[in-house]
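Asker: Would you mind keeping the following structure in view while I ask a few things?
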Amino acid sequence: IDAEEAGTVIEFNKLVETSFPPVTVVLAGILSPLVLSMSYSGHLIQLVALFVPVLILTTWSIIEDFGTACDIPTMRLWIWVAFAVSLIQVLGHGYLFAQTAVGQKRLKAKTAEISERLAANAADGETSMSDVQDFFIGSTILVQEALIIEDTLRKSPFVDAVGVSNLLWVVAVIWNFVVVVGWTFVPGTIAFH
């Protein structure tokens with residue numbers, strides 16, 4: 001053991017405190033890849049299962065019913081609102097889905113780069129304090145990279161757009177329920193033949 005490594009071993013606690021991030025940051029960084037994966041899946045499911053079909057069907061309805069009269073009050077307005085909200089949702093979720101995929105690729109590339117470096121260090125068969133230090137530095141870099149990616153996505157204006165349009169979507173769903181229940185079963189209003 002040389003003098004530098006001996007000094008490092010003796011002052012290990014001080015070295016860890018100055019060189020290693022706080023435990024809360026480490027935990028957040030460890031969970032960030034999971035959060036990114038869940039976000040990726042959530043955006044994909046909402047796009048494919050809900051908002052793209054609603055956007056297609058409301059577009060078709062607007063085109064098909066253009067110029068016709070509707071006896072149900074606010075139905076035509078509801079179609080336009082559902083179209084606008086689903087369009088905002090498709091654009092927002094689509095952008096966030098794409099950015100999450102790009103962020104996951106960046107994180108995988110950084111992980112591969114650090115893994116190669118650690119493998120090269122381990123190839124000599126000896127483990128020194130600098131190898132341990134490289135391991136901690138590599139882990140810290142990955143934690144920080146994951147946090148940066150997650151924070152970038154969280155601060156995107158598309159997150160706000162999706163949030164506001166989610167509230168509008170709830171209003172549109174309640175509105176739809178009132179229109180369907182309130183007007184579909186009123187005798188003489190809608191013909192079922």
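Going through the structure tokens in order, the chains are called A, B, and so on, while each chain numbers its residues from 1 and the ligands are numbered from 1 in the order shown.
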For the alpha helix (DSSP H) assignment from backbone DSSP, which residues of range 50-151 of chain A qualify? Please present them as a short mmCIF file (atom, residue, chain, number, x, y, z; two decimals) with N, CA, C and O atoms, in the first residue's frame.
Answerer:
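Printed below is out_12.cif as written:
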data_model
loop_
_atom_site.label_atom_id
_atom_site.label_comp_id
_atom_site.auth_asym_id
_atom_site.auth_seq_id
_atom_site.Cartn_x
_atom_site.Cartn_y
_atom_site.Cartn_z
N VAL A 52 -55.42 8.23 -28.73
CA VAL A 52 -55.37 8.13 -30.20
C VAL A 52 -56.71 7.62 -30.74
O VAL A 52 -57.25 8.20 -31.69
N PRO A 53 -57.30 6.55 -30.15
CA PRO A 53 -58.62 6.15 -30.64
C PRO A 53 -59.69 7.25 -30.49
O PRO A 53 -60.51 7.44 -31.40
N VAL A 54 -59.69 7.96 -29.37
CA VAL A 54 -60.67 9.03 -29.18
C VAL A 54 -60.44 10.14 -30.21
O VAL A 54 -61.40 10.68 -30.78
N LEU A 55 -59.18 10.48 -30.46
CA LEU A 55 -58.88 11.51 -31.46
C LEU A 55 -59.36 11.08 -32.84
O LEU A 55 -59.98 11.87 -33.56
N ILE A 56 -59.11 9.84 -33.20
CA ILE A 56 -59.55 9.33 -34.51
C ILE A 56 -61.08 9.34 -34.61
O ILE A 56 -61.65 9.80 -35.61
N LEU A 57 -61.74 8.87 -33.57
CA LEU A 57 -63.20 8.80 -33.61
C LEU A 57 -63.87 10.17 -33.56
O LEU A 57 -64.88 10.39 -34.24
N THR A 58 -63.32 11.10 -32.78
CA THR A 58 -63.92 12.44 -32.76
C THR A 58 -63.67 13.16 -34.09
O THR A 58 -64.54 13.89 -34.56
N THR A 59 -62.51 12.94 -34.70
CA THR A 59 -62.24 13.51 -36.02
C THR A 59 -63.23 12.97 -37.04
O THR A 59 -63.81 13.72 -37.84
N TRP A 60 -63.42 11.66 -37.02
CA TRP A 60 -64.37 11.03 -37.93
C TRP A 60 -65.78 11.58 -37.70
O TRP A 60 -66.51 11.86 -38.65
N SER A 61 -66.17 11.73 -36.44
CA SER A 61 -67.50 12.24 -36.11
C SER A 61 -67.69 13.67 -36.61
O SER A 61 -68.75 14.02 -37.14
N ILE A 62 -66.68 14.50 -36.44
CA ILE A 62 -66.78 15.89 -36.91
C ILE A 62 -66.93 15.93 -38.42
O ILE A 62 -67.76 16.68 -38.95
N ILE A 63 -66.16 15.11 -39.13
CA ILE A 63 -66.23 15.08 -40.60
C ILE A 63 -67.56 14.49 -41.06
O ILE A 63 -68.23 15.04 -41.93
N GLU A 64 -67.96 13.38 -40.47
CA GLU A 64 -69.18 12.69 -40.88
C GLU A 64 -70.44 13.50 -40.60
O GLU A 64 -71.38 13.51 -41.41
N MET A 75 -74.26 18.61 -27.82
CA MET A 75 -73.54 17.43 -28.34
C MET A 75 -72.43 17.83 -29.31
O MET A 75 -71.32 17.33 -29.24
N ARG A 76 -72.76 18.75 -30.22
CA ARG A 76 -71.74 19.17 -31.19
C ARG A 76 -70.58 19.88 -30.48
O ARG A 76 -69.42 19.65 -30.80
N LEU A 77 -70.88 20.70 -29.50
CA LEU A 77 -69.83 21.36 -28.72
C LEU A 77 -69.00 20.33 -27.96
O LEU A 77 -67.77 20.45 -27.89
N TRP A 78 -69.66 19.31 -27.42
CA TRP A 78 -68.92 18.27 -26.69
C TRP A 78 -67.93 17.55 -27.61
O TRP A 78 -66.80 17.27 -27.21
N ILE A 79 -68.34 17.26 -28.84
CA ILE A 79 -67.44 16.59 -29.79
C ILE A 79 -66.20 17.45 -30.04
O ILE A 79 -65.08 16.94 -30.07
N TRP A 80 -66.39 18.75 -30.21
CA TRP A 80 -65.25 19.64 -30.44
C TRP A 80 -64.34 19.71 -29.22
O TRP A 80 -63.11 19.72 -29.35
N VAL A 81 -64.93 19.75 -28.03
CA VAL A 81 -64.13 19.77 -26.80
C VAL A 81 -63.35 18.46 -26.65
O VAL A 81 -62.16 18.46 -26.35
N ALA A 82 -64.02 17.32 -26.88
CA ALA A 82 -63.35 16.02 -26.79
C ALA A 82 -62.23 15.92 -27.83
O ALA A 82 -61.15 15.38 -27.54
N PHE A 83 -62.47 16.46 -29.03
CA PHE A 83 -61.44 16.47 -30.06
C PHE A 83 -60.23 17.29 -29.62
O PHE A 83 -59.08 16.84 -29.71
N ALA A 84 -60.47 18.51 -29.11
CA ALA A 84 -59.37 19.39 -28.70
C ALA A 84 -58.58 18.80 -27.54
O ALA A 84 -57.34 18.80 -27.55
N VAL A 85 -59.28 18.27 -26.54
CA VAL A 85 -58.60 17.71 -25.38
C VAL A 85 -57.81 16.47 -25.77
O VAL A 85 -56.66 16.30 -25.35
N SER A 86 -58.39 15.61 -26.60
CA SER A 86 -57.65 14.41 -27.01
C SER A 86 -56.45 14.77 -27.90
O SER A 86 -55.41 14.11 -27.83
N LEU A 87 -56.56 15.83 -28.70
CA LEU A 87 -55.42 16.28 -29.49
C LEU A 87 -54.28 16.76 -28.59
O LEU A 87 -53.12 16.40 -28.80
N ILE A 88 -54.62 17.54 -27.57
CA ILE A 88 -53.60 18.00 -26.62
C ILE A 88 -52.97 16.80 -25.91
O ILE A 88 -51.74 16.75 -25.73
N GLN A 89 -53.79 15.84 -25.52
CA GLN A 89 -53.28 14.65 -24.84
C GLN A 89 -52.36 13.84 -25.75
O GLN A 89 -51.31 13.37 -25.31
N VAL A 90 -52.75 13.66 -27.00
CA VAL A 90 -51.91 12.89 -27.93
C VAL A 90 -50.57 13.59 -28.15
O VAL A 90 -49.51 12.95 -28.11
N LEU A 91 -50.60 14.90 -28.36
CA LEU A 91 -49.34 15.64 -28.55
C LEU A 91 -48.48 15.59 -27.30
O LEU A 91 -47.27 15.36 -27.37
N GLY A 92 -49.09 15.81 -26.13
CA GLY A 92 -48.34 15.82 -24.88
C GLY A 92 -47.76 14.46 -24.52
O GLY A 92 -46.56 14.33 -24.24
N HIS A 93 -48.60 13.44 -24.54
CA HIS A 93 -48.12 12.10 -24.22
C HIS A 93 -47.13 11.60 -25.27
O HIS A 93 -46.17 10.90 -24.95
N GLY A 94 -47.37 11.95 -26.53
CA GLY A 94 -46.44 11.54 -27.59
C GLY A 94 -45.06 12.14 -27.38
O GLY A 94 -44.04 11.45 -27.50
N TYR A 95 -45.02 13.43 -27.08
CA TYR A 95 -43.74 14.09 -26.84
C TYR A 95 -43.04 13.49 -25.61
O TYR A 95 -41.84 13.18 -25.65
N LEU A 96 -43.79 13.34 -24.51
CA LEU A 96 -43.19 12.80 -23.28
C LEU A 96 -42.75 11.35 -23.47
O LEU A 96 -41.71 10.93 -22.95
N PHE A 97 -43.50 10.58 -24.23
CA PHE A 97 -43.11 9.20 -24.54
C PHE A 97 -41.79 9.18 -25.31
O PHE A 97 -40.87 8.43 -24.98
N ALA A 98 -41.69 10.03 -26.33
CA ALA A 98 -40.47 10.08 -27.14
C ALA A 98 -39.28 10.55 -26.30
O ALA A 98 -38.18 9.98 -26.40
N GLN A 99 -39.46 11.58 -25.48
CA GLN A 99 -38.37 12.08 -24.66
C GLN A 99 -37.94 11.08 -23.59
O GLN A 99 -36.76 10.99 -23.25
N THR A 100 -38.89 10.32 -23.07
CA THR A 100 -38.55 9.27 -22.10
C THR A 100 -37.72 8.19 -22.78
O THR A 100 -36.74 7.71 -22.21
N ALA A 101 -38.09 7.83 -24.00
CA ALA A 101 -37.32 6.82 -24.75
C ALA A 101 -35.90 7.32 -25.02
O ALA A 101 -34.93 6.57 -24.86
N VAL A 102 -35.76 8.59 -25.39
CA VAL A 102 -34.44 9.17 -25.64
C VAL A 102 -33.63 9.18 -24.34
O VAL A 102 -32.44 8.85 -24.33
N GLY A 103 -34.27 9.56 -23.24
CA GLY A 103 -33.58 9.58 -21.94
C GLY A 103 -33.12 8.19 -21.51
O GLY A 103 -32.01 8.03 -20.99
N GLN A 104 -33.95 7.19 -21.73
CA GLN A 104 -33.55 5.82 -21.40
C GLN A 104 -32.37 5.37 -22.26
O GLN A 104 -31.47 4.69 -21.76
N LYS A 105 -32.35 5.76 -23.53
CA LYS A 105 -31.21 5.42 -24.39
C LYS A 105 -29.93 6.07 -23.89
O LYS A 105 -28.87 5.45 -23.88
N ARG A 106 -30.04 7.35 -23.51
CA ARG A 106 -28.87 8.05 -22.97
C ARG A 106 -28.35 7.37 -21.71
O ARG A 106 -27.14 7.22 -21.54
N LEU A 107 -29.25 6.97 -20.84
CA LEU A 107 -28.86 6.32 -19.60
C LEU A 107 -28.22 4.96 -19.88
O LEU A 107 -27.22 4.61 -19.25
N LYS A 108 -28.76 4.22 -20.84
CA LYS A 108 -28.16 2.92 -21.19
C LYS A 108 -26.78 3.11 -21.80
O LYS A 108 -25.86 2.33 -21.53
N ALA A 109 -26.61 4.13 -22.63
CA ALA A 109 -25.30 4.40 -23.23
C ALA A 109 -24.28 4.78 -22.16
O ALA A 109 -23.13 4.30 -22.18
N LYS A 110 -24.69 5.62 -21.21
CA LYS A 110 -23.79 6.01 -20.12
C LYS A 110 -23.45 4.81 -19.25
O LYS A 110 -22.30 4.65 -18.82
N THR A 111 -24.42 3.93 -19.00
CA THR A 111 -24.18 2.72 -18.22
C THR A 111 -23.17 1.82 -18.93
O THR A 111 -22.25 1.28 -18.30
N ALA A 112 -23.32 1.65 -20.23
CA ALA A 112 -22.39 0.82 -21.00
C ALA A 112 -20.99 1.41 -20.97
O ALA A 112 -19.99 0.68 -20.82
N GLU A 113 -20.90 2.73 -21.10
CA GLU A 113 -19.60 3.40 -21.07
C GLU A 113 -18.90 3.19 -19.73
O GLU A 113 -17.71 2.85 -19.68
N ILE A 114 -19.63 3.35 -18.64
CA ILE A 114 -19.04 3.18 -17.31
C ILE A 114 -18.71 1.72 -17.05
O ILE A 114 -17.67 1.40 -16.46
N SER A 115 -19.57 0.81 -17.51
CA SER A 115 -19.29 -0.62 -17.34
C SER A 115 -18.03 -1.04 -18.07
O SER A 115 -17.24 -1.84 -17.56
N GLU A 116 -17.83 -0.51 -19.27
CA GLU A 116 -16.59 -0.81 -20.02
C GLU A 116 -15.36 -0.30 -19.27
O GLU A 116 -14.34 -0.99 -19.21
N ARG A 117 -15.48 0.88 -18.71
CA ARG A 117 -14.36 1.45 -17.97
C ARG A 117 -14.03 0.60 -16.74
O ARG A 117 -12.87 0.32 -16.45
N LEU A 118 -15.08 0.18 -16.02
CA LEU A 118 -14.86 -0.66 -14.84
C LEU A 118 -14.32 -2.03 -15.22
O LEU A 118 -13.47 -2.59 -14.51
N ALA A 119 -14.77 -2.57 -16.35
CA ALA A 119 -14.26 -3.86 -16.81
C ALA A 119 -12.78 -3.74 -17.20
O ALA A 119 -11.99 -4.66 -16.93
N ALA A 120 -12.42 -2.62 -17.79
CA ALA A 120 -11.01 -2.41 -18.14
C ALA A 120 -10.15 -2.30 -16.88
O ALA A 120 -9.02 -2.80 -16.84
N ASN A 121 -10.69 -1.66 -15.85
CA ASN A 121 -9.96 -1.56 -14.58
C ASN A 121 -9.81 -2.93 -13.92
O ASN A 121 -8.79 -3.21 -13.30
N ALA A 122 -10.82 -3.77 -14.04
CA ALA A 122 -10.79 -5.08 -13.40
C ALA A 122 -9.98 -6.10 -14.20
O ALA A 122 -9.66 -7.18 -13.69
N MET A 129 -7.48 0.94 -4.48
CA MET A 129 -8.39 1.99 -4.00
C MET A 129 -8.87 2.86 -5.15
O MET A 129 -10.00 3.35 -5.13
N SER A 130 -8.06 3.05 -6.17
CA SER A 130 -8.51 3.84 -7.31
C SER A 130 -9.61 3.11 -8.08
O SER A 130 -10.51 3.74 -8.63
N ASP A 131 -9.57 1.76 -8.08
CA ASP A 131 -10.65 0.98 -8.70
C ASP A 131 -11.95 1.16 -7.93
O ASP A 131 -13.03 1.32 -8.52
N VAL A 132 -11.87 1.15 -6.62
CA VAL A 132 -13.05 1.36 -5.78
C VAL A 132 -13.58 2.78 -5.98
O VAL A 132 -14.79 3.01 -6.09
N GLN A 133 -12.65 3.72 -6.05
CA GLN A 133 -13.04 5.11 -6.28
C GLN A 133 -13.72 5.26 -7.64
O GLN A 133 -14.74 5.94 -7.75
N ASP A 134 -13.18 4.61 -8.67
CA ASP A 134 -13.81 4.65 -10.00
C ASP A 134 -15.21 4.05 -9.97
O ASP A 134 -16.12 4.54 -10.64
N PHE A 135 -15.40 2.98 -9.18
CA PHE A 135 -16.71 2.37 -9.06
C PHE A 135 -17.71 3.37 -8.46
O PHE A 135 -18.81 3.55 -8.96
N PHE A 136 -17.31 4.03 -7.37
CA PHE A 136 -18.20 5.00 -6.73
C PHE A 136 -18.45 6.21 -7.63
O PHE A 136 -19.58 6.71 -7.70
N ILE A 137 -17.44 6.65 -8.32
CA ILE A 137 -17.61 7.78 -9.23
C ILE A 137 -18.56 7.38 -10.36
O ILE A 137 -19.47 8.15 -10.72
N GLY A 138 -18.38 6.20 -10.92
CA GLY A 138 -19.27 5.73 -11.99
C GLY A 138 -20.70 5.60 -11.52
O GLY A 138 -21.65 6.01 -12.22
N SER A 139 -20.90 5.06 -10.32
CA SER A 139 -22.25 4.94 -9.77
C SER A 139 -22.88 6.31 -9.55
O SER A 139 -24.07 6.52 -9.83
N THR A 140 -22.08 7.24 -9.04
CA THR A 140 -22.58 8.59 -8.81
C THR A 140 -22.96 9.27 -10.12
O THR A 140 -23.99 9.95 -10.21
N ILE A 141 -22.16 9.07 -11.14
CA ILE A 141 -22.47 9.65 -12.45
C ILE A 141 -23.79 9.10 -12.99
O ILE A 141 -24.62 9.84 -13.51
N LEU A 142 -24.00 7.78 -12.83
CA LEU A 142 -25.25 7.19 -13.30
C LEU A 142 -26.46 7.72 -12.52
O LEU A 142 -27.52 7.99 -13.10
N VAL A 143 -26.30 7.86 -11.21
CA VAL A 143 -27.38 8.41 -10.39
C VAL A 143 -27.70 9.83 -10.84
O VAL A 143 -28.87 10.19 -11.02
N GLN A 144 -26.68 10.64 -11.04
CA GLN A 144 -26.90 12.02 -11.46
C GLN A 144 -27.51 12.09 -12.86
O GLN A 144 -28.40 12.91 -13.11
N GLU A 145 -27.06 11.24 -13.75
CA GLU A 145 -27.62 11.23 -15.11
C GLU A 145 -29.10 10.87 -15.09
O GLU A 145 -29.91 11.51 -15.76
N ALA A 146 -29.46 9.86 -14.30
CA ALA A 146 -30.87 9.47 -14.19
C ALA A 146 -31.71 10.59 -13.60
O ALA A 146 -32.82 10.86 -14.07
N LEU A 147 -31.19 11.27 -12.59
CA LEU A 147 -31.92 12.38 -11.98
C LEU A 147 -32.08 13.55 -12.95
O LEU A 147 -33.13 14.19 -12.99
N ILE A 148 -31.05 13.82 -13.73
CA ILE A 148 -31.12 14.91 -14.70
C ILE A 148 -32.18 14.60 -15.76
O ILE A 148 -32.98 15.47 -16.13
N ILE A 149 -32.20 13.37 -16.25
CA ILE A 149 -33.18 12.98 -17.26
C ILE A 149 -34.60 13.10 -16.70
O ILE A 149 -35.49 13.68 -17.33
N GLU A 150 -34.81 12.57 -15.51
CA GLU A 150 -36.13 12.62 -14.89
C GLU A 150 -36.56 14.07 -14.62
O GLU A 150 -37.71 14.44 -14.87
N ASP A 151 -35.63 14.88 -14.15
CA ASP A 151 -35.95 16.28 -13.86
C ASP A 151 -36.27 17.06 -15.14
O ASP A 151 -37.18 17.89 -15.14
#
Asker: Just to confirm, what's the straight-line distance from CA of Ala123 in chain A to CA of Leu27 in chain A in Å (one decimal)?
Answerer: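 Spanning CA of Ala123 in chain A to CA of Leu27 in chain A is a straight-line distance of 29.8 Å.
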Asker: Calculate how many Å separate CA of Pro33 in chain A from CA of Ala161 in chain A, rounding to one decimal.
Answerer: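 A separation of 23.6 Å between them.
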Asker: Between A:Val181, A:Val170, A:Leu36, A:Val26, which one has atoms that come closest to Thr152 in chain A, using only C-alpha atoms?
Answerer: A:Leu36
Asker: Report, in Å with one decimal, the straight-line distance from CA of Pro73 in chain A to CA of Phe51 in chain A.
Answerer: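 According to the coordinates, CA of Pro73 in chain A and CA of Phe51 in chain A are separated by 24.4 Å.
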Asker: Using only C-alpha atoms, which of the listed residues (A:Trp183, A:Phe66, A:Trp169, A:Phe177) sits closest to Leu50 in chain A?
Answerer: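 Comparing A:Trp183, A:Phe66, A:Trp169, A:Phe177 against Leu50 in chain A, the winner is A:Trp169.
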